[in-house]
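Shown below: start.tsv, with TSV, C-alpha atoms and all ligand atoms.
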```
chain	number	residue	atom	x	y	z
A	1	MET	CA	-48.50	-25.38	96.65
A	2	ASN	CA	-45.35	-23.26	97.05
A	3	LYS	CA	-42.99	-22.56	94.16
A	4	ASN	CA	-40.26	-24.96	95.29
A	5	GLU	CA	-42.70	-27.82	95.61
A	6	ALA	CA	-44.15	-27.12	92.15
A	7	LEU	CA	-40.65	-27.09	90.66
A	8	THR	CA	-39.56	-30.30	92.38
A	9	LYS	CA	-42.72	-32.12	91.28
A	10	THR	CA	-42.34	-30.82	87.73
A	11	GLU	CA	-38.71	-31.93	87.60
A	12	THR	CA	-39.69	-35.47	88.71
A	13	TYR	CA	-42.54	-35.59	86.16
A	14	VAL	CA	-40.35	-34.44	83.25
A	15	ARG	CA	-37.46	-36.64	84.23
A	16	GLN	CA	-39.53	-39.83	84.35
A	17	LYS	CA	-41.17	-38.91	81.03
A	18	LEU	CA	-37.99	-38.09	79.08
A	19	GLU	CA	-35.36	-40.26	80.77
A	20	GLY	CA	-33.53	-42.41	78.21
A	21	GLU	CA	-35.13	-40.72	75.17
A	22	GLY	CA	-32.84	-41.40	72.18
A	23	SER	CA	-33.13	-38.43	69.81
A	24	GLY	CA	-31.34	-35.74	71.82
A	25	HIS	CA	-34.54	-34.60	73.54
A	26	ASP	CA	-33.86	-36.59	76.70
A	27	TRP	CA	-33.90	-35.46	80.34
A	28	TRP	CA	-30.31	-34.21	80.17
A	29	HIS	CA	-31.26	-31.79	77.35
A	30	ILE	CA	-33.93	-30.39	79.68
A	31	HIS	CA	-31.44	-30.26	82.57
A	32	ARG	CA	-28.90	-28.28	80.48
A	33	VAL	CA	-31.55	-25.92	79.11
A	34	ARG	CA	-32.90	-25.27	82.62
A	35	ASN	CA	-29.42	-24.45	83.97
A	36	THR	CA	-28.51	-22.18	81.05
A	37	ALA	CA	-31.92	-20.48	81.16
A	38	LEU	CA	-31.57	-19.72	84.88
A	39	LYS	CA	-28.11	-18.21	84.30
A	40	LEU	CA	-29.42	-15.99	81.50
A	41	ALA	CA	-32.51	-15.14	83.57
A	42	GLU	CA	-30.42	-13.74	86.41
A	43	LYS	CA	-28.52	-11.48	84.00
A	44	GLU	CA	-31.74	-10.33	82.32
A	45	GLN	CA	-33.68	-10.00	85.59
A	46	ALA	CA	-36.38	-12.33	84.35
A	47	ASP	CA	-38.88	-14.12	86.60
A	48	LEU	CA	-37.02	-17.24	87.71
A	49	PHE	CA	-40.14	-19.30	88.48
A	50	ILE	CA	-41.65	-18.78	85.02
A	51	VAL	CA	-38.28	-19.43	83.33
A	52	GLU	CA	-37.62	-22.64	85.27
A	53	LEU	CA	-41.12	-24.05	84.68
A	54	ALA	CA	-41.01	-23.22	80.95
A	55	ALA	CA	-37.50	-24.69	80.56
A	56	LEU	CA	-38.52	-27.89	82.36
A	57	LEU	CA	-41.71	-28.31	80.32
A	58	HIS	CA	-40.62	-26.96	76.92
A	59	ASP	CA	-40.19	-30.40	75.27
A	60	ILE	CA	-42.74	-32.35	77.32
A	61	ALA	CA	-44.70	-33.19	74.13
A	62	ASP	CA	-42.85	-31.95	71.06
A	63	HIS	CA	-44.61	-31.58	67.68
A	64	LYS	CA	-41.67	-33.47	66.13
A	65	PHE	CA	-42.84	-36.64	67.86
A	66	HIS	CA	-46.61	-36.08	67.56
A	67	GLU	CA	-47.29	-35.87	63.81
A	68	GLY	CA	-46.51	-32.15	63.72
A	69	ASP	CA	-49.22	-31.25	66.27
A	70	GLU	CA	-48.11	-27.79	67.52
A	71	LYS	CA	-50.77	-27.59	70.24
A	72	ILE	CA	-49.80	-30.71	72.12
A	73	GLY	CA	-46.83	-29.17	73.99
A	74	PRO	CA	-48.70	-26.24	75.57
A	75	ALA	CA	-51.77	-28.45	76.17
A	76	THR	CA	-49.77	-31.12	78.01
A	77	ALA	CA	-47.97	-28.49	80.11
A	78	ARG	CA	-51.30	-26.79	80.96
A	79	LYS	CA	-52.83	-30.03	82.17
A	80	TRP	CA	-49.83	-30.67	84.41
A	81	LEU	CA	-49.73	-27.15	85.85
A	82	GLU	CA	-53.50	-27.13	86.48
A	83	HIS	CA	-53.08	-30.40	88.34
A	84	LEU	CA	-50.45	-28.67	90.51
A	85	ASP	CA	-52.84	-25.76	91.10
A	86	VAL	CA	-50.40	-23.19	89.71
A	87	ARG	CA	-51.98	-19.73	89.24
A	88	GLU	CA	-53.63	-19.10	85.85
A	89	PRO	CA	-51.42	-16.13	84.77
A	90	VAL	CA	-48.34	-18.28	85.39
A	91	ILE	CA	-49.83	-21.21	83.44
A	92	LYS	CA	-50.70	-18.92	80.54
A	93	HIS	CA	-47.25	-17.35	80.43
A	94	VAL	CA	-45.45	-20.72	80.57
A	95	CYS	CA	-47.70	-22.26	77.90
A	96	ASP	CA	-47.28	-19.24	75.60
A	97	ILE	CA	-43.50	-19.66	75.85
A	98	ILE	CA	-43.74	-23.39	75.05
A	99	GLY	CA	-45.95	-22.64	72.03
A	100	ASP	CA	-43.58	-19.99	70.63
A	101	VAL	CA	-40.12	-21.34	71.48
A	102	SER	CA	-39.39	-23.68	68.54
A	103	PHE	CA	-37.49	-22.93	65.37
A	104	LYS	CA	-39.97	-22.98	62.47
A	105	GLY	CA	-37.85	-22.63	59.31
A	106	ALA	CA	-35.10	-20.40	57.91
A	107	GLU	CA	-37.55	-17.84	56.53
A	108	VAL	CA	-39.97	-17.86	59.48
A	109	GLU	CA	-39.61	-15.38	62.35
A	110	THR	CA	-40.07	-16.72	65.88
A	111	PRO	CA	-40.26	-13.66	68.15
A	112	MET	CA	-40.70	-14.18	71.89
A	113	LYS	CA	-43.13	-11.84	73.66
A	114	THR	CA	-41.46	-11.60	77.09
A	115	VAL	CA	-37.97	-11.55	78.58
A	116	GLU	CA	-38.72	-14.96	80.17
A	117	GLY	CA	-39.51	-16.36	76.71
A	118	LYS	CA	-36.36	-14.82	75.21
A	119	VAL	CA	-34.20	-16.43	77.85
A	120	VAL	CA	-35.74	-19.91	77.44
A	121	GLN	CA	-35.47	-19.70	73.64
A	122	ASP	CA	-31.80	-18.70	73.85
A	123	ALA	CA	-31.05	-21.55	76.26
A	124	ASP	CA	-32.82	-24.11	74.03
A	125	ARG	CA	-30.97	-22.81	70.97
A	126	LEU	CA	-27.60	-22.89	72.70
A	127	ASP	CA	-28.13	-26.61	73.29
A	128	ALA	CA	-28.61	-27.06	69.54
A	129	LEU	CA	-25.12	-25.55	68.94
A	130	GLY	CA	-21.49	-26.52	69.53
A	131	ALA	CA	-20.20	-30.00	70.39
A	132	ILE	CA	-23.47	-30.98	72.05
A	133	GLY	CA	-25.48	-29.55	69.17
A	134	ILE	CA	-23.53	-31.70	66.68
A	135	ALA	CA	-24.16	-34.82	68.78
A	136	ARG	CA	-27.87	-34.00	69.07
A	137	ALA	CA	-28.27	-33.34	65.34
A	138	PHE	CA	-26.84	-36.74	64.37
A	139	ALA	CA	-28.73	-38.50	67.17
A	140	TYR	CA	-31.97	-36.98	65.85
A	141	GLY	CA	-31.05	-37.85	62.26
A	142	GLY	CA	-30.43	-41.49	63.23
A	143	TYR	CA	-33.68	-41.62	65.15
A	144	LYS	CA	-35.51	-40.36	62.04
A	145	GLU	CA	-33.49	-42.65	59.73
A	146	ARG	CA	-31.89	-39.75	57.89
A	147	GLU	CA	-28.66	-40.06	55.92
A	148	LEU	CA	-25.63	-38.33	57.49
A	149	TYR	CA	-24.96	-36.44	54.27
A	150	ASN	CA	-25.89	-36.73	50.62
A	151	PRO	CA	-24.05	-34.43	48.17
A	152	GLU	CA	-26.97	-34.82	45.73
A	153	VAL	CA	-29.50	-33.23	48.11
A	154	SER	CA	-29.08	-29.47	48.66
A	155	PRO	CA	-30.17	-27.61	51.81
A	156	GLU	CA	-33.46	-25.69	51.44
A	157	PRO	CA	-34.49	-22.40	53.06
A	158	HIS	CA	-37.91	-23.32	54.48
A	159	HIS	CA	-40.57	-20.63	54.03
A	160	SER	CA	-43.16	-22.07	56.39
A	161	PHE	CA	-43.34	-24.24	59.47
A	162	GLU	CA	-45.24	-26.82	57.40
A	163	GLU	CA	-42.35	-27.06	54.89
A	164	TYR	CA	-39.77	-27.21	57.69
A	165	LYS	CA	-41.67	-29.92	59.57
A	166	SER	CA	-42.08	-32.15	56.53
A	167	SER	CA	-38.44	-31.88	55.39
A	168	ILE	CA	-36.60	-35.22	55.24
A	169	GLY	CA	-33.15	-34.08	54.08
A	170	PRO	CA	-29.86	-35.52	55.36
A	171	THR	CA	-28.60	-34.32	58.74
A	172	LEU	CA	-25.73	-32.24	57.37
A	173	ASN	CA	-28.31	-30.05	55.62
A	174	HIS	CA	-29.81	-29.22	59.02
A	175	PHE	CA	-26.67	-27.22	59.80
A	176	TYR	CA	-27.45	-24.90	56.86
A	177	GLU	CA	-31.22	-24.97	57.33
A	178	LYS	CA	-31.15	-24.13	61.05
A	179	LEU	CA	-28.00	-24.45	63.15
A	180	PHE	CA	-25.76	-21.91	61.33
A	181	LEU	CA	-28.61	-19.36	61.39
A	182	LEU	CA	-29.10	-19.35	65.14
A	183	LYS	CA	-26.19	-17.11	66.20
A	184	ASP	CA	-27.79	-14.11	64.46
A	185	ARG	CA	-31.17	-14.80	66.05
A	186	MET	CA	-30.22	-14.81	69.71
A	187	ASN	CA	-32.25	-12.57	72.03
A	188	THR	CA	-29.76	-11.78	74.81
A	189	ASP	CA	-26.16	-10.50	74.83
A	190	THR	CA	-24.90	-13.44	76.87
A	191	GLY	CA	-26.76	-15.88	74.62
A	192	ARG	CA	-25.21	-14.26	71.54
A	193	ARG	CA	-21.68	-14.46	72.96
A	194	LEU	CA	-22.02	-18.15	73.81
A	195	ALA	CA	-23.69	-18.88	70.46
A	196	GLU	CA	-20.79	-17.33	68.54
A	197	LYS	CA	-18.25	-19.59	70.23
A	198	ARG	CA	-20.34	-22.70	69.53
A	199	HIS	CA	-21.04	-21.54	65.97
A	200	HIS	CA	-17.33	-21.33	65.12
A	201	PHE	CA	-16.69	-24.81	66.47
A	202	MET	CA	-19.56	-26.23	64.36
A	203	LYS	CA	-18.28	-24.45	61.24
A	204	GLU	CA	-14.85	-25.98	61.74
A	205	TYR	CA	-16.46	-29.40	62.23
A	206	VAL	CA	-18.54	-29.19	59.04
A	207	ASN	CA	-15.53	-27.96	57.06
A	208	ARG	CA	-13.55	-30.99	58.18
A	209	PHE	CA	-16.48	-33.31	57.48
A	210	LEU	CA	-16.68	-32.05	53.89
A	211	ALA	CA	-12.89	-32.12	53.41
A	212	GLU	CA	-12.76	-35.75	54.58
A	213	TRP	CA	-15.72	-36.58	52.32
A	214	LYS	CA	-13.83	-35.20	49.33
A	215	GLY	CA	-10.69	-37.07	50.36
A	216	ASN	CA	-8.77	-33.86	50.99
A	217	ASP	CA	-7.87	-34.44	54.61
B	1	LIG	P1	-36.62	-26.70	68.52
B	1	LIG	O1	-37.90	-26.70	69.30
B	1	LIG	O2	-36.13	-25.34	68.16
B	1	LIG	O3	-36.70	-27.62	67.33
B	1	LIG	P2	-35.52	-28.70	70.27
B	1	LIG	O4	-35.03	-28.54	71.66
B	1	LIG	O5	-36.82	-29.42	70.08
B	1	LIG	O6	-35.56	-27.28	69.54
B	1	LIG	O7	-34.42	-29.53	69.52
B	1	LIG	C1	-33.99	-29.27	68.27
B	1	LIG	C2	-32.87	-30.20	67.92
B	1	LIG	O8	-33.36	-31.41	67.33
B	1	LIG	C3	-32.02	-29.63	66.82
B	1	LIG	O9	-31.18	-28.66	67.26
B	1	LIG	C4	-31.34	-30.85	66.30
B	1	LIG	O10	-30.34	-31.26	67.16
B	1	LIG	C5	-32.50	-31.79	66.29
B	1	LIG	N1	-33.18	-31.70	65.00
B	1	LIG	C6	-34.39	-31.19	64.72
B	1	LIG	N2	-34.67	-31.30	63.40
B	1	LIG	C7	-33.59	-31.90	62.85
B	1	LIG	C8	-33.23	-32.32	61.53
B	1	LIG	N3	-34.05	-32.13	60.50
B	1	LIG	N4	-32.02	-32.89	61.36
B	1	LIG	C9	-31.19	-33.10	62.40
B	1	LIG	N5	-31.46	-32.73	63.64
B	1	LIG	C10	-32.64	-32.14	63.88
B	2	NI	NI	-35.48	-28.31	73.53
```

Now that the file is in, can you turn its structure into structure tokens?
Amino acid sequence: MNKNEALTKTETYVRQKLEGEGSGHDWWHIHRVRNTALKLAEKEQADLFIVELAALLHDIADHKFHEGDEKIGPATARKWLEHLDVREPVIKHVCDIIGDVSFKGAEVETPMKTVEGKVVQDADRLDALGAIGIARAFAYGGYKERELYNPEVSPEPHHSFEEYKSSIGPTLNHFYEKLFLLKDRMNTDTGRRLAEKRHHFMKEYVNRFLAEWKGND
């Protein structure tokens, strides 16, 4: 099967699987991440086929929706790519990216081994930031029945993926536990520039949220 055919089939597969998903991990998240990743990939001279496949498949079976099972994402992607008869080195590279891409807690490093991985991670993280990032955070919080904010529950710096995965704090804490940390963890120059812009907008938003909460605005 040629590359274009593999990409078209993968797009159709992912789209039918994630269409209408309600926690901010829907098809349009994948669509945005794919487009951003391809833009970054051109700048970084990364392999476009690997980047596009990994971006399309990166949330195909997320640990967040499968009782914390970290293996299910790469395993589901592998099964699909084997079915398409994609070459083994490509499958391995794509599945390694999917296994490594996620944020795993404030105190946990998540290095990417290849330029293709760096680009996909930056694109996924950019979609967690800015106006869209805010919308996704509250959509996810609602889906998980989290409170918007609770002044009696402080944010926690998670020291392990286990701690991070089992956290049930209010959504506003997620800004301190993950979203505000991302701009300093970007892999590419373009990613960092875009992240800074989105970071400032989110800061302004959270400042207003807290001012309104306190009745100061
Ligand atoms: P990652 O694999 O790094 O977690 P995803 O693409 O799966 O990235 O999506 C992560 C997004 O899911 C977050 O940026 C946020 O919008 C939402 N999310 C995850 N955990 C939480 C949480 N505890 N509270 C609010 N939103 C969350
Ligand atoms: Ni994602």

Taking all atoms listed in the file into account, produce a table as CSV in which each residue of stretch 91-171 of chain A with an atom at most 12 Å from an atom of stretch 177-201 of chain A appears once, together with its shortest atom pair and the distance in Å to one decimal, ordered by chain and rising number.
```
residue,atom,partner,partner_atom,distance
A:Val101,CA,A:Asn187,CA,11.8
A:Ser102,CA,A:Lys178,CA,11.1
A:Phe103,CA,A:Lys178,CA,7.8
A:Lys104,CA,A:Lys178,CA,9.0
A:Gly105,CA,A:Lys178,CA,7.1
A:Ala106,CA,A:Glu177,CA,6.0
A:Glu107,CA,A:Glu177,CA,9.6
A:Val108,CA,A:Lys178,CA,10.9
A:Glu109,CA,A:Arg185,CA,9.2
A:Thr110,CA,A:Arg185,CA,9.1
A:Pro111,CA,A:Asn187,CA,9.0
A:Met112,CA,A:Asn187,CA,8.6
A:Lys113,CA,A:Asn187,CA,11.0
A:Thr114,CA,A:Asn187,CA,10.6
A:Val115,CA,A:Asn187,CA,8.8
A:Glu116,CA,A:Asn187,CA,10.7
A:Gly117,CA,A:Asn187,CA,9.4
A:Lys118,CA,A:Asn187,CA,5.7
A:Val119,CA,A:Thr188,CA,7.1
A:Val120,CA,A:Asn187,CA,9.8
A:Gln121,CA,A:Asn187,CA,8.0
A:Asp122,CA,A:Gly191,CA,5.8
A:Ala123,CA,A:Gly191,CA,7.3
A:Asp124,CA,A:Gly191,CA,10.2
A:Arg125,CA,A:Leu182,CA,7.0
A:Leu126,CA,A:Ala195,CA,6.0
A:Asp127,CA,A:Ala195,CA,9.4
A:Ala128,CA,A:Leu179,CA,6.9
A:Leu129,CA,A:Arg198,CA,5.6
A:Gly130,CA,A:Arg198,CA,4.0
A:Ala131,CA,A:Arg198,CA,7.4
A:Ile132,CA,A:Arg198,CA,9.2
A:Gly133,CA,A:Leu179,CA,8.3
A:Ile134,CA,A:Leu179,CA,9.2
A:Arg136,CA,A:Leu179,CA,11.2
A:Ala137,CA,A:Leu179,CA,9.2
A:Ser154,CA,A:Glu177,CA,10.0
A:Pro155,CA,A:Glu177,CA,6.2
A:Glu156,CA,A:Glu177,CA,6.3
A:Pro157,CA,A:Glu177,CA,6.0
A:His158,CA,A:Glu177,CA,7.5
A:His159,CA,A:Glu177,CA,10.8
A:Glu163,CA,A:Glu177,CA,11.6
A:Tyr164,CA,A:Glu177,CA,8.8
A:Lys165,CA,A:Glu177,CA,11.8
A:Ser167,CA,A:Glu177,CA,10.2
A:Ile168,CA,A:Glu177,CA,11.8
A:Gly169,CA,A:Glu177,CA,9.9
A:Pro170,CA,A:Glu177,CA,10.8
A:Thr171,CA,A:Glu177,CA,9.8
```

Just write the chosen residues, C-alpha atoms, as a CSV table (one decimal), in the frame of the given file.
```csv
chain,number,residue,atom,x,y,z
A,101,VAL,CA,-40.1,-21.3,71.5
A,102,SER,CA,-39.4,-23.7,68.5
A,103,PHE,CA,-37.5,-22.9,65.4
A,104,LYS,CA,-40.0,-23.0,62.5
A,105,GLY,CA,-37.8,-22.6,59.3
A,106,ALA,CA,-35.1,-20.4,57.9
A,107,GLU,CA,-37.6,-17.8,56.5
A,108,VAL,CA,-40.0,-17.9,59.5
A,109,GLU,CA,-39.6,-15.4,62.4
A,110,THR,CA,-40.1,-16.7,65.9
A,111,PRO,CA,-40.3,-13.7,68.2
A,112,MET,CA,-40.7,-14.2,71.9
A,113,LYS,CA,-43.1,-11.8,73.7
A,114,THR,CA,-41.5,-11.6,77.1
A,115,VAL,CA,-38.0,-11.6,78.6
A,116,GLU,CA,-38.7,-15.0,80.2
A,117,GLY,CA,-39.5,-16.4,76.7
A,118,LYS,CA,-36.4,-14.8,75.2
A,119,VAL,CA,-34.2,-16.4,77.8
A,120,VAL,CA,-35.7,-19.9,77.4
A,121,GLN,CA,-35.5,-19.7,73.6
A,122,ASP,CA,-31.8,-18.7,73.8
A,123,ALA,CA,-31.0,-21.6,76.3
A,124,ASP,CA,-32.8,-24.1,74.0
A,125,ARG,CA,-31.0,-22.8,71.0
A,126,LEU,CA,-27.6,-22.9,72.7
A,127,ASP,CA,-28.1,-26.6,73.3
A,128,ALA,CA,-28.6,-27.1,69.5
A,129,LEU,CA,-25.1,-25.6,68.9
A,130,GLY,CA,-21.5,-26.5,69.5
A,131,ALA,CA,-20.2,-30.0,70.4
A,132,ILE,CA,-23.5,-31.0,72.0
A,133,GLY,CA,-25.5,-29.6,69.2
A,134,ILE,CA,-23.5,-31.7,66.7
A,136,ARG,CA,-27.9,-34.0,69.1
A,137,ALA,CA,-28.3,-33.3,65.3
A,154,SER,CA,-29.1,-29.5,48.7
A,155,PRO,CA,-30.2,-27.6,51.8
A,156,GLU,CA,-33.5,-25.7,51.4
A,157,PRO,CA,-34.5,-22.4,53.1
A,158,HIS,CA,-37.9,-23.3,54.5
A,159,HIS,CA,-40.6,-20.6,54.0
A,163,GLU,CA,-42.4,-27.1,54.9
A,164,TYR,CA,-39.8,-27.2,57.7
A,165,LYS,CA,-41.7,-29.9,59.6
A,167,SER,CA,-38.4,-31.9,55.4
A,168,ILE,CA,-36.6,-35.2,55.2
A,169,GLY,CA,-33.2,-34.1,54.1
A,170,PRO,CA,-29.9,-35.5,55.4
A,171,THR,CA,-28.6,-34.3,58.7
```

Between A:Asp59, A:Asp26, A:Glu19, A:Glu11, smallest distance to ligand NI 2 (chain B) by all atoms listed in the file belongs to A:Asp59

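Distance check against ligand NI 2 (chain B) using all atoms listed in the file: of A:Lys17, A:His31, A:His58, A:Ala41, the minimum falls on A:His58.
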
Excluding same-chain residues fewer than 6 positions from stretch 91-99 of chain A, what lies within 10 Å of it counting only C-alpha atoms, as a PyMOL selection string?
-> chain A and resi 49-55+57-62+70-82+85+112-114+116-118+120-121

Would you save the residues from that selection as a PDB file, keeping the file's coordinate frame, using C-alpha atoms?
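Saved to part-v6.pdb:
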```pdb
ATOM      1  CA  PHE A  49     -40.140 -19.300  88.480  1.00  0.00           C
ATOM      2  CA  ILE A  50     -41.650 -18.780  85.020  1.00  0.00           C
ATOM      3  CA  VAL A  51     -38.280 -19.430  83.330  1.00  0.00           C
ATOM      4  CA  GLU A  52     -37.620 -22.640  85.270  1.00  0.00           C
ATOM      5  CA  LEU A  53     -41.120 -24.050  84.680  1.00  0.00           C
ATOM      6  CA  ALA A  54     -41.010 -23.220  80.950  1.00  0.00           C
ATOM      7  CA  ALA A  55     -37.500 -24.690  80.560  1.00  0.00           C
ATOM      8  CA  LEU A  57     -41.710 -28.310  80.320  1.00  0.00           C
ATOM      9  CA  HIS A  58     -40.620 -26.960  76.920  1.00  0.00           C
ATOM     10  CA  ASP A  59     -40.190 -30.400  75.270  1.00  0.00           C
ATOM     11  CA  ILE A  60     -42.740 -32.350  77.320  1.00  0.00           C
ATOM     12  CA  ALA A  61     -44.700 -33.190  74.130  1.00  0.00           C
ATOM     13  CA  ASP A  62     -42.850 -31.950  71.060  1.00  0.00           C
ATOM     14  CA  GLU A  70     -48.110 -27.790  67.520  1.00  0.00           C
ATOM     15  CA  LYS A  71     -50.770 -27.590  70.240  1.00  0.00           C
ATOM     16  CA  ILE A  72     -49.800 -30.710  72.120  1.00  0.00           C
ATOM     17  CA  GLY A  73     -46.830 -29.170  73.990  1.00  0.00           C
ATOM     18  CA  PRO A  74     -48.700 -26.240  75.570  1.00  0.00           C
ATOM     19  CA  ALA A  75     -51.770 -28.450  76.170  1.00  0.00           C
ATOM     20  CA  THR A  76     -49.770 -31.120  78.010  1.00  0.00           C
ATOM     21  CA  ALA A  77     -47.970 -28.490  80.110  1.00  0.00           C
ATOM     22  CA  ARG A  78     -51.300 -26.790  80.960  1.00  0.00           C
ATOM     23  CA  LYS A  79     -52.830 -30.030  82.170  1.00  0.00           C
ATOM     24  CA  TRP A  80     -49.830 -30.670  84.410  1.00  0.00           C
ATOM     25  CA  LEU A  81     -49.730 -27.150  85.850  1.00  0.00           C
ATOM     26  CA  GLU A  82     -53.500 -27.130  86.480  1.00  0.00           C
ATOM     27  CA  ASP A  85     -52.840 -25.760  91.100  1.00  0.00           C
ATOM     28  CA  MET A 112     -40.700 -14.180  71.890  1.00  0.00           C
ATOM     29  CA  LYS A 113     -43.130 -11.840  73.660  1.00  0.00           C
ATOM     30  CA  THR A 114     -41.460 -11.600  77.090  1.00  0.00           C
ATOM     31  CA  GLU A 116     -38.720 -14.960  80.170  1.00  0.00           C
ATOM     32  CA  GLY A 117     -39.510 -16.360  76.710  1.00  0.00           C
ATOM     33  CA  LYS A 118     -36.360 -14.820  75.210  1.00  0.00           C
ATOM     34  CA  VAL A 120     -35.740 -19.910  77.440  1.00  0.00           C
ATOM     35  CA  GLN A 121     -35.470 -19.700  73.640  1.00  0.00           C
TER      36      GLN A 121
END
```

Write out as JSON an axis-aligned box for stretch 185-195 of chain A: all of its atoms listed in the file, 8 Å added on each side, centre and edge lengths in Å with one decimal.
```
{"center_x": -27.0, "center_y": -14.7, "center_z": 71.5, "size_x": 26.6, "size_y": 24.4, "size_z": 26.8}
```

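In this comparison, which uses all atoms listed in the file, the residue of A:Ile30, A:Arg87, A:Leu40, A:Gly20 approaching A:Met1 most closely is A:Arg87.
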
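For the pair atom CA of A:Asn150 and atom CA of A:Trp213, the interatomic distance is 10.3 Å.
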
Contacts of A:Tyr149 within 9 Å, only C-alpha atoms, excl. fewer than 2 positions in-chain, as a PDB file with C-alpha atoms, in the coordinates of the input:
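Final file, part.pdb:
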```pdb
ATOM      1  CA  ARG A 146     -31.890 -39.750  57.890  1.00  0.00           C
ATOM      2  CA  GLU A 147     -28.660 -40.060  55.920  1.00  0.00           C
ATOM      3  CA  PRO A 151     -24.050 -34.430  48.170  1.00  0.00           C
ATOM      4  CA  GLU A 152     -26.970 -34.820  45.730  1.00  0.00           C
ATOM      5  CA  VAL A 153     -29.500 -33.230  48.110  1.00  0.00           C
ATOM      6  CA  GLY A 169     -33.150 -34.080  54.080  1.00  0.00           C
ATOM      7  CA  PRO A 170     -29.860 -35.520  55.360  1.00  0.00           C
ATOM      8  CA  THR A 171     -28.600 -34.320  58.740  1.00  0.00           C
ATOM      9  CA  LEU A 172     -25.730 -32.240  57.370  1.00  0.00           C
ATOM     10  CA  ASN A 173     -28.310 -30.050  55.620  1.00  0.00           C
TER      11      ASN A 173
END
```

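For the choices A:Ser23, A:Thr36, A:Ser160, A:Asn216, the atom-to-atom distance to ligand LIG 1 (chain B) is smallest for A:Ser23 when using only C-alpha atoms and all ligand atoms.
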
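In this model, the gap between atom O8 of ligand LIG 1 (chain B) and atom CA of A:His174 comes to 9.3 Å.
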
Taking (-46.8, -26.3, 94.0) in the coordinates of the supplied file, I want to know which residues reach to within 10 Å of it, counting all atoms listed in the file; could you give the answer as a PDB file with C-alpha atoms, in the coordinates of the input?
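Wrote selection_29.pdb, looks like this:
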```
ATOM      1  CA  MET A   1     -48.500 -25.380  96.650  1.00  0.00           C
ATOM      2  CA  ASN A   2     -45.350 -23.260  97.050  1.00  0.00           C
ATOM      3  CA  LYS A   3     -42.990 -22.560  94.160  1.00  0.00           C
ATOM      4  CA  ASN A   4     -40.260 -24.960  95.290  1.00  0.00           C
ATOM      5  CA  GLU A   5     -42.700 -27.820  95.610  1.00  0.00           C
ATOM      6  CA  ALA A   6     -44.150 -27.120  92.150  1.00  0.00           C
ATOM      7  CA  LEU A   7     -40.650 -27.090  90.660  1.00  0.00           C
ATOM      8  CA  THR A   8     -39.560 -30.300  92.380  1.00  0.00           C
ATOM      9  CA  LYS A   9     -42.720 -32.120  91.280  1.00  0.00           C
ATOM     10  CA  THR A  10     -42.340 -30.820  87.730  1.00  0.00           C
ATOM     11  CA  LEU A  81     -49.730 -27.150  85.850  1.00  0.00           C
ATOM     12  CA  HIS A  83     -53.080 -30.400  88.340  1.00  0.00           C
ATOM     13  CA  LEU A  84     -50.450 -28.670  90.510  1.00  0.00           C
ATOM     14  CA  ASP A  85     -52.840 -25.760  91.100  1.00  0.00           C
ATOM     15  CA  VAL A  86     -50.400 -23.190  89.710  1.00  0.00           C
ATOM     16  CA  ARG A  87     -51.980 -19.730  89.240  1.00  0.00           C
TER      17      ARG A  87
END
```

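Nearest-residue note for ligand LIG 1 (chain B): choosing from A:Lys203, A:Arg15, A:Arg34, A:Lys144, the minimum distance belongs to A:Lys144, counting all atoms listed in the file.
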
Pick from A:His63, A:Gly215, A:Gly22, A:Ala37, whichever lies nearest to A:Phe138 using all atoms listed in the file = A:Gly22

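Put simply, atom CA of A:Ala135 is 23.1 Å away from atom CA of A:Gly68.
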